[in-house]
Amino acid sequence: MSLSEPQLSVGQISNRLSSEPLLSFQQVSHQFQGQTALSGINLQVYPGDRLALVGPSGAGKSTLLRLLNGSLSPSQGSIQVLGRDFNQISNRQRRKLQRQIGTIYQQFNLINSLRVIHNVNAGNLGRWSLPKAILSLAIPQEVAAAQAVLTQVGIPEKIFERTDQLSGGQQQRVAIARVLTQNPQVILADEPIASLDPERSREIMELLTQLCASPNTGKGRALVVSLHDLEMARDWCDRIIGLRNGQICFDCATAELENHQLESLYQIGSSSI
Ligand SMILES: Nc1ncnc2c1ncn2[C@@H]1O[C@H](COP(=O)(O)OP(=O)(O)OP(=O)(O)O)[C@@H](O)[C@H]1O
Ligand SMILES: [Mg+2]
């Protein structure tokens with residue numbers, strides 16, 4: 001298999017034939033202070049993809065996610081977001097496109113001292129005027145919409161609680177509700193379950209994959225999630241990319257992934273998987 005031709009399932013092939021990529025990388029590389037973090041990355045993310053990024057620590061997963069959401073610019077290569085070249089558009093157009101990409105982090109990145117509704121409404125900041133955003137801190141705006149996304153993530157009753165009084169799993173749900181408020185076409189998640197127990201991890205993965213791929217709620221969305229837990233990657237994602245030393249070692253449908261590919265990714269014995 002050539003590195004630029006992923007092994008796809010039948011569903012993934014029909015997805016690609018019927019839609020344009022949401023995100024596309026051509027020969028993307030990135031160096032930090034002269035040290036290569038990623039090199040020669042070719043990658044397309046399509047609507048409906050549930051894509052896991054796996055690989056050892058330092059492989060470049062977080063760097064790839066930061067390039068995908070535009071918070072980092074590539075040292076070389078080109079990136080298209082919804083068909084537009086990220087480096088050939090104005091800052092205003094770039095910010096508009098970035099609103100189509102929502103990111104969830106391992107540490108949730110919430111403002112703990114605020115009530116849940118304010119963290120959820122932070123997903124509106126790209127489209128609200130500054131006066132409305134400031135007013136909302138005193139008198140919460142669009143409460144019904146916030147309530148609706150909190151219902152989607154299963155914690156509607158927490159809307160007026162202080163965020164730091166929620167459990168880790170509940171806080172991750174608030175972070176997901178904030179991204180849903182933003183209503184992006186791509187959801188990126190960097191180790192979203194790393195600090196959760198196995199049961200909460202499973203619930204969060206179920207929620208993320210439902211929101212991205214269910215015909216009722218997530219049509220057209222894509223999920224790209226970095227994971228250290230290979231079992232979760234296999235259980236919840238239908239495409240897996242293996243990164244090692246800043247390069248893609250494999251990009252294939254989960255059903256096609258073979259144990260030896262994971263073994264060489266981590267250079268471990270077959271009994272460990
Ligand atoms: N801000 C930075 N400044 C300098 N080097 C960095 C920076 N961020 C990442 N790197 C380097 O880039 C490489 C890739 O790091 P990255 O964080 O993307 O790996 P990762 O696969 O996400 O690892 P982990 O599984 O531990 O989160 C590493 O060698 C890392 O040290
Ligand atoms: Mg990382």
# chains A, B, ... in the order shown; residues from 1 in each chain; ligands from 1
>>> residues_near_ligand(ligand="ligand 2", cutoff="9 Å", atoms="only C-alpha atoms and all ligand atoms", output="list in words")
Ser57, Gly58, Ala59, Gly60, Lys61, Ser62, Thr63, Leu65, Asp190, Glu191, Ser226 and Leu227 of chain A
>>> residues_near_ligand(ligand="ligand 1", cutoff="12 Å", atoms="only C-alpha atoms and all ligand atoms", output="PDB file with N, CA and C atoms, in the first residue's frame")
ATOM      1  N   SER A  29       4.638  20.004   6.310  1.00  0.00           N
ATOM      2  CA  SER A  29       5.701  19.731   7.299  1.00  0.00           C
ATOM      3  C   SER A  29       5.713  20.851   8.326  1.00  0.00           C
ATOM      4  N   HIS A  30       6.206  20.517   9.518  1.00  0.00           N
ATOM      5  CA  HIS A  30       6.345  21.569  10.528  1.00  0.00           C
ATOM      6  C   HIS A  30       7.595  21.340  11.364  1.00  0.00           C
ATOM      7  N   GLN A  31       8.319  22.424  11.561  1.00  0.00           N
ATOM      8  CA  GLN A  31       9.490  22.359  12.449  1.00  0.00           C
ATOM      9  C   GLN A  31       9.301  23.345  13.593  1.00  0.00           C
ATOM     10  N   PHE A  32       9.718  22.922  14.771  1.00  0.00           N
ATOM     11  CA  PHE A  32       9.804  23.827  15.921  1.00  0.00           C
ATOM     12  C   PHE A  32      11.279  24.125  16.144  1.00  0.00           C
ATOM     13  N   GLN A  33      11.660  25.361  16.079  1.00  0.00           N
ATOM     14  CA  GLN A  33      13.068  25.767  16.261  1.00  0.00           C
ATOM     15  C   GLN A  33      14.024  24.828  15.514  1.00  0.00           C
ATOM     16  N   GLY A  34      13.682  24.574  14.258  1.00  0.00           N
ATOM     17  CA  GLY A  34      14.569  23.755  13.428  1.00  0.00           C
ATOM     18  C   GLY A  34      14.413  22.254  13.620  1.00  0.00           C
ATOM     19  N   GLN A  35      13.650  21.844  14.627  1.00  0.00           N
ATOM     20  CA  GLN A  35      13.443  20.404  14.868  1.00  0.00           C
ATOM     21  C   GLN A  35      12.153  19.955  14.176  1.00  0.00           C
ATOM     22  N   THR A  36      12.243  18.901  13.369  1.00  0.00           N
ATOM     23  CA  THR A  36      11.073  18.455  12.623  1.00  0.00           C
ATOM     24  C   THR A  36      10.074  17.753  13.545  1.00  0.00           C
ATOM     25  N   ALA A  37       8.833  18.268  13.543  1.00  0.00           N
ATOM     26  CA  ALA A  37       7.762  17.614  14.310  1.00  0.00           C
ATOM     27  C   ALA A  37       6.868  16.803  13.376  1.00  0.00           C
ATOM     28  N   LEU A  38       6.677  17.302  12.142  1.00  0.00           N
ATOM     29  CA  LEU A  38       5.860  16.585  11.144  1.00  0.00           C
ATOM     30  C   LEU A  38       6.534  16.775   9.794  1.00  0.00           C
ATOM     31  N   SER A  39       6.490  15.722   8.958  1.00  0.00           N
ATOM     32  CA  SER A  39       7.053  15.928   7.623  1.00  0.00           C
ATOM     33  C   SER A  39       6.273  15.165   6.558  1.00  0.00           C
ATOM     34  N   LEU A  53      -6.260   9.424  15.507  1.00  0.00           N
ATOM     35  CA  LEU A  53      -4.816   9.595  15.330  1.00  0.00           C
ATOM     36  C   LEU A  53      -4.152   8.835  16.465  1.00  0.00           C
ATOM     37  N   VAL A  54      -3.327   7.871  16.132  1.00  0.00           N
ATOM     38  CA  VAL A  54      -2.634   7.125  17.182  1.00  0.00           C
ATOM     39  C   VAL A  54      -1.135   7.171  16.910  1.00  0.00           C
ATOM     40  N   GLY A  55      -0.367   6.854  17.945  1.00  0.00           N
ATOM     41  CA  GLY A  55       1.081   6.848  17.790  1.00  0.00           C
ATOM     42  C   GLY A  55       1.739   7.188  19.107  1.00  0.00           C
ATOM     43  N   PRO A  56       3.020   6.864  19.218  1.00  0.00           N
ATOM     44  CA  PRO A  56       3.692   7.085  20.500  1.00  0.00           C
ATOM     45  C   PRO A  56       3.807   8.560  20.857  1.00  0.00           C
ATOM     46  N   SER A  57       4.118   8.825  22.098  1.00  0.00           N
ATOM     47  CA  SER A  57       4.316  10.195  22.570  1.00  0.00           C
ATOM     48  C   SER A  57       5.374  10.884  21.721  1.00  0.00           C
ATOM     49  N   GLY A  58       5.060  12.117  21.329  1.00  0.00           N
ATOM     50  CA  GLY A  58       6.017  12.864  20.507  1.00  0.00           C
ATOM     51  C   GLY A  58       5.901  12.575  19.020  1.00  0.00           C
ATOM     52  N   ALA A  59       4.955  11.725  18.639  1.00  0.00           N
ATOM     53  CA  ALA A  59       4.812  11.359  17.216  1.00  0.00           C
ATOM     54  C   ALA A  59       4.351  12.532  16.358  1.00  0.00           C
ATOM     55  N   GLY A  60       3.650  13.491  16.972  1.00  0.00           N
ATOM     56  CA  GLY A  60       3.179  14.656  16.210  1.00  0.00           C
ATOM     57  C   GLY A  60       1.666  14.789  16.160  1.00  0.00           C
ATOM     58  N   LYS A  61       0.938  14.052  16.995  1.00  0.00           N
ATOM     59  CA  LYS A  61      -0.537  14.066  16.953  1.00  0.00           C
ATOM     60  C   LYS A  61      -1.094  15.460  17.291  1.00  0.00           C
ATOM     61  N   SER A  62      -0.614  16.034  18.403  1.00  0.00           N
ATOM     62  CA  SER A  62      -1.139  17.355  18.795  1.00  0.00           C
ATOM     63  C   SER A  62      -0.730  18.417  17.780  1.00  0.00           C
ATOM     64  N   THR A  63       0.488  18.304  17.261  1.00  0.00           N
ATOM     65  CA  THR A  63       0.934  19.269  16.250  1.00  0.00           C
ATOM     66  C   THR A  63       0.032  19.179  15.021  1.00  0.00           C
ATOM     67  N   LEU A  64      -0.310  17.963  14.625  1.00  0.00           N
ATOM     68  CA  LEU A  64      -1.192  17.787  13.461  1.00  0.00           C
ATOM     69  C   LEU A  64      -2.565  18.416  13.736  1.00  0.00           C
ATOM     70  N   LEU A  65      -3.086  18.218  14.950  1.00  0.00           N
ATOM     71  CA  LEU A  65      -4.396  18.813  15.281  1.00  0.00           C
ATOM     72  C   LEU A  65      -4.314  20.340  15.274  1.00  0.00           C
ATOM     73  N   ARG A  66      -3.200  20.879  15.743  1.00  0.00           N
ATOM     74  CA  ARG A  66      -3.049  22.351  15.749  1.00  0.00           C
ATOM     75  C   ARG A  66      -2.940  22.897  14.327  1.00  0.00           C
ATOM     76  N   LEU A  67      -2.325  22.122  13.438  1.00  0.00           N
ATOM     77  CA  LEU A  67      -2.288  22.551  12.030  1.00  0.00           C
ATOM     78  C   LEU A  67      -3.682  22.441  11.421  1.00  0.00           C
ATOM     79  N   LEU A  68      -4.425  21.410  11.832  1.00  0.00           N
ATOM     80  CA  LEU A  68      -5.779  21.223  11.286  1.00  0.00           C
ATOM     81  C   LEU A  68      -6.707  22.354  11.714  1.00  0.00           C
ATOM     82  N   SER A  71      -4.383  26.871  14.402  1.00  0.00           N
ATOM     83  CA  SER A  71      -3.701  27.610  15.474  1.00  0.00           C
ATOM     84  C   SER A  71      -2.187  27.576  15.263  1.00  0.00           C
ATOM     85  N   LEU A  72      -1.750  26.749  14.325  1.00  0.00           N
ATOM     86  CA  LEU A  72      -0.341  26.684  13.951  1.00  0.00           C
ATOM     87  C   LEU A  72      -0.289  26.710  12.425  1.00  0.00           C
ATOM     88  N   TYR A 105     -10.141  19.731  24.156  1.00  0.00           N
ATOM     89  CA  TYR A 105      -8.825  19.373  24.689  1.00  0.00           C
ATOM     90  C   TYR A 105      -8.954  18.437  25.881  1.00  0.00           C
ATOM     91  N   GLN A 106      -7.825  17.767  26.174  1.00  0.00           N
ATOM     92  CA  GLN A 106      -7.797  16.837  27.302  1.00  0.00           C
ATOM     93  C   GLN A 106      -8.175  17.544  28.607  1.00  0.00           C
ATOM     94  N   ALA A 189     -10.432  16.559  18.532  1.00  0.00           N
ATOM     95  CA  ALA A 189     -10.342  16.300  19.972  1.00  0.00           C
ATOM     96  C   ALA A 189      -8.966  15.725  20.270  1.00  0.00           C
ATOM     97  N   ASP A 190      -8.224  16.431  21.155  1.00  0.00           N
ATOM     98  CA  ASP A 190      -6.863  16.003  21.495  1.00  0.00           C
ATOM     99  C   ASP A 190      -6.894  15.275  22.830  1.00  0.00           C
ATOM    100  N   GLU A 191      -6.794  13.980  22.771  1.00  0.00           N
ATOM    101  CA  GLU A 191      -6.853  13.119  23.962  1.00  0.00           C
ATOM    102  C   GLU A 191      -8.014  13.494  24.883  1.00  0.00           C
ATOM    103  N   PRO A 192      -9.239  13.468  24.381  1.00  0.00           N
ATOM    104  CA  PRO A 192     -10.371  13.945  25.174  1.00  0.00           C
ATOM    105  C   PRO A 192     -10.732  13.041  26.346  1.00  0.00           C
ATOM    106  N   ALA A 194      -8.255  11.240  28.154  1.00  0.00           N
ATOM    107  CA  ALA A 194      -7.036  10.831  28.874  1.00  0.00           C
ATOM    108  C   ALA A 194      -7.176  10.952  30.388  1.00  0.00           C
ATOM    109  N   VAL A 225      -9.779  12.536  16.233  1.00  0.00           N
ATOM    110  CA  VAL A 225      -9.506  12.438  17.668  1.00  0.00           C
ATOM    111  C   VAL A 225      -8.171  11.729  17.905  1.00  0.00           C
ATOM    112  N   SER A 226      -7.305  12.367  18.721  1.00  0.00           N
ATOM    113  CA  SER A 226      -6.061  11.677  19.057  1.00  0.00           C
ATOM    114  C   SER A 226      -6.307  10.849  20.309  1.00  0.00           C
ATOM    115  N   LEU A 227      -5.796   9.623  20.280  1.00  0.00           N
ATOM    116  CA  LEU A 227      -6.059   8.684  21.367  1.00  0.00           C
ATOM    117  C   LEU A 227      -4.811   7.871  21.676  1.00  0.00           C
ATOM    118  N   HIS A 228      -4.594   7.601  22.964  1.00  0.00           N
ATOM    119  CA  HIS A 228      -3.547   6.635  23.332  1.00  0.00           C
ATOM    120  C   HIS A 228      -4.156   5.257  23.522  1.00  0.00           C
ATOM    121  N   ASP A 229      -5.468   5.215  23.685  1.00  0.00           N
ATOM    122  CA  ASP A 229      -6.150   3.951  23.944  1.00  0.00           C
ATOM    123  C   ASP A 229      -6.565   3.314  22.610  1.00  0.00           C
ATOM    124  N   ILE A 241      -5.263   6.627  11.632  1.00  0.00           N
ATOM    125  CA  ILE A 241      -3.977   7.061  11.092  1.00  0.00           C
ATOM    126  C   ILE A 241      -2.919   6.819  12.155  1.00  0.00           C
ATOM    127  N   GLY A 242      -1.862   6.132  11.768  1.00  0.00           N
ATOM    128  CA  GLY A 242      -0.752   5.907  12.688  1.00  0.00           C
ATOM    129  C   GLY A 242       0.374   6.875  12.378  1.00  0.00           C
ATOM    130  N   LEU A 243       0.780   7.631  13.401  1.00  0.00           N
ATOM    131  CA  LEU A 243       1.876   8.599  13.246  1.00  0.00           C
ATOM    132  C   LEU A 243       3.074   8.118  14.061  1.00  0.00           C
ATOM    133  N   ARG A 244       4.229   8.271  13.469  1.00  0.00           N
ATOM    134  CA  ARG A 244       5.462   7.952  14.202  1.00  0.00           C
ATOM    135  C   ARG A 244       6.567   8.868  13.674  1.00  0.00           C
ATOM    136  N   ASN A 245       7.309   9.474  14.581  1.00  0.00           N
ATOM    137  CA  ASN A 245       8.391  10.395  14.182  1.00  0.00           C
ATOM    138  C   ASN A 245       7.933  11.415  13.156  1.00  0.00           C
ATOM    139  N   GLY A 246       6.729  11.916  13.323  1.00  0.00           N
ATOM    140  CA  GLY A 246       6.242  12.988  12.454  1.00  0.00           C
ATOM    141  C   GLY A 246       5.802  12.559  11.068  1.00  0.00           C
ATOM    142  N   GLN A 247       5.683  11.248  10.853  1.00  0.00           N
ATOM    143  CA  GLN A 247       5.252  10.782   9.531  1.00  0.00           C
ATOM    144  C   GLN A 247       4.074   9.822   9.660  1.00  0.00           C
ATOM    145  N   ILE A 248       3.257   9.774   8.594  1.00  0.00           N
ATOM    146  CA  ILE A 248       2.137   8.828   8.600  1.00  0.00           C
ATOM    147  C   ILE A 248       2.660   7.444   8.220  1.00  0.00           C
ATOM    148  N   TYR A 266       4.406   1.108  17.440  1.00  0.00           N
ATOM    149  CA  TYR A 266       4.890   1.274  18.816  1.00  0.00           C
ATOM    150  C   TYR A 266       6.162   0.466  19.084  1.00  0.00           C
TER     151      TYR A 266
END
>>> atom_distance(atom1="CA of Ser75 (chain A)", atom2="CA of Arg221 (chain A)")
27.7 Å
>>> closest_residue(among="A:Trp128, A:Gln172, A:Cys249, A:Met232", to="Ser264 (chain A)", atoms="only C-alpha atoms")
A:Cys249
>>> select_by_dssp(residues="region 30-267 of chain A", states="alpha helix (DSSP H)", output="number ranges by chain")
A: 61-68, 91-98, 116-121, 130-138, 143-152, 168-182, 198-213, 230-236, 259-266
>>> write_last_selection(atoms="C-alpha atoms", output="compact mmCIF listing (two decimals), in the first residue's frame")
# COMPACT_ATOMS: atom_id res chain seq x y z
CA LYS A 61 -0.54 14.07 16.95
CA SER A 62 -1.14 17.35 18.80
CA THR A 63 0.93 19.27 16.25
CA LEU A 64 -1.19 17.79 13.46
CA LEU A 65 -4.40 18.81 15.28
CA ARG A 66 -3.05 22.35 15.75
CA LEU A 67 -2.29 22.55 12.03
CA LEU A 68 -5.78 21.22 11.29
CA ASN A 91 -7.27 37.01 8.22
CA ARG A 92 -11.03 37.68 8.29
CA GLN A 93 -11.80 34.81 5.90
CA ARG A 94 -9.43 32.60 7.83
CA ARG A 95 -11.26 33.33 11.13
CA LYS A 96 -14.57 32.57 9.41
CA LEU A 97 -13.27 29.21 8.21
CA GLN A 98 -11.76 28.46 11.61
CA VAL A 116 -21.75 26.23 32.84
CA ILE A 117 -23.92 28.42 30.60
CA HIS A 118 -21.10 30.94 30.12
CA ASN A 119 -18.69 28.23 29.03
CA VAL A 120 -21.29 26.85 26.63
CA ASN A 121 -21.98 30.33 25.25
CA LEU A 130 -18.58 42.30 21.75
CA PRO A 131 -21.45 44.14 23.58
CA LYS A 132 -23.62 41.01 23.40
CA ALA A 133 -20.78 38.84 24.72
CA ILE A 134 -20.21 41.24 27.64
CA LEU A 135 -23.96 41.53 28.35
CA SER A 136 -24.23 37.74 28.40
CA LEU A 137 -21.82 37.54 31.33
CA ALA A 138 -24.32 39.56 33.40
CA VAL A 143 -30.44 30.28 27.34
CA ALA A 144 -32.80 27.97 25.44
CA ALA A 145 -30.12 27.16 22.86
CA ALA A 146 -27.58 26.45 25.61
CA GLN A 147 -30.13 24.25 27.35
CA ALA A 148 -30.70 22.34 24.10
CA VAL A 149 -27.00 21.50 23.58
CA LEU A 150 -26.62 20.57 27.26
CA THR A 151 -29.56 18.20 26.75
CA GLN A 152 -27.74 16.73 23.74
CA GLY A 168 -14.25 15.55 35.05
CA GLY A 169 -16.65 13.65 32.78
CA GLN A 170 -19.31 16.36 33.19
CA GLN A 171 -16.76 19.08 32.44
CA GLN A 172 -15.78 17.27 29.25
CA ARG A 173 -19.49 17.28 28.34
CA VAL A 174 -19.54 21.05 28.86
CA ALA A 175 -16.54 21.35 26.53
CA ILE A 176 -18.42 19.29 23.94
CA ALA A 177 -21.54 21.45 24.41
CA ARG A 178 -19.41 24.54 23.77
CA VAL A 179 -18.17 23.04 20.51
CA LEU A 180 -21.75 22.10 19.54
CA THR A 181 -22.77 25.71 20.13
CA GLN A 182 -20.06 26.71 17.69
CA PRO A 198 -12.87 3.75 31.51
CA GLU A 199 -16.66 4.04 31.82
CA ARG A 200 -16.68 7.85 31.41
CA SER A 201 -14.20 7.47 28.53
CA ARG A 202 -16.57 5.14 26.75
CA GLU A 203 -19.50 7.53 27.29
CA ILE A 204 -17.53 10.49 25.89
CA MET A 205 -16.37 8.51 22.84
CA GLU A 206 -19.94 7.38 22.22
CA LEU A 207 -21.15 10.96 22.46
CA LEU A 208 -18.45 12.37 20.18
CA THR A 209 -18.97 9.73 17.51
CA GLN A 210 -22.78 10.10 17.69
CA LEU A 211 -22.53 13.87 17.27
CA CYS A 212 -20.35 13.46 14.23
CA ALA A 213 -21.83 10.57 12.38
CA LEU A 230 -6.03 1.69 20.88
CA GLU A 231 -9.09 -0.26 21.96
CA MET A 232 -11.15 2.96 22.02
CA ALA A 233 -9.76 3.90 18.62
CA ARG A 234 -10.82 0.55 17.19
CA ASP A 235 -14.20 0.55 18.91
CA TRP A 236 -15.31 4.07 18.03
CA ASN A 259 -1.90 -5.98 14.36
CA HIS A 260 1.57 -5.90 12.82
CA GLN A 261 0.93 -2.28 11.72
CA LEU A 262 0.25 -1.29 15.32
CA GLU A 263 3.18 -3.35 16.55
CA SER A 264 5.63 -1.58 14.27
CA LEU A 265 4.06 1.79 15.16
CA TYR A 266 4.89 1.27 18.82
>>> closest_residue(among="A:Tyr46, A:Phe250, A:Phe160, A:Phe108", to="Leu196 (chain A)", atoms="only C-alpha atoms")
A:Phe108
>>> select_by_dssp(residues="region 60-234 of chain A", states="strand (DSSP E or B)", output="PyMOL selection string")
chain A and resi 76-81+84-85+101-105+115+162+186-190+222-226
>>> closest_residue(among="A:Gly40, A:Pro47, A:Gly123, A:Pro21", to="Ile104 (chain A)", atoms="only C-alpha atoms")
A:Gly123
>>> closest_residue(among="A:Ala253, A:Ala122, A:Leu82, A:Ala52", to="Leu110 (chain A)", atoms="only C-alpha atoms")
A:Ala122
>>> atom_distance(atom1="CA of Leu22 (chain A)", atom2="CA of Val45 (chain A)")
5.7 Å
>>> atom_distance(atom1="CA of Gln185 (chain A)", atom2="CA of Phe25 (chain A)")
16.8 Å
>>> closest_residue(among="A:Asp49, A:Glu161, A:Asp251, A:Asp85", to="Gly70 (chain A)", atoms="only C-alpha atoms")
A:Asp85
>>> residues_around(residues="Arg162 (chain A)", least_positions_apart="6", cutoff="8 Å", atoms="only C-alpha atoms", output="NGL selection string")
:A and (112-116)
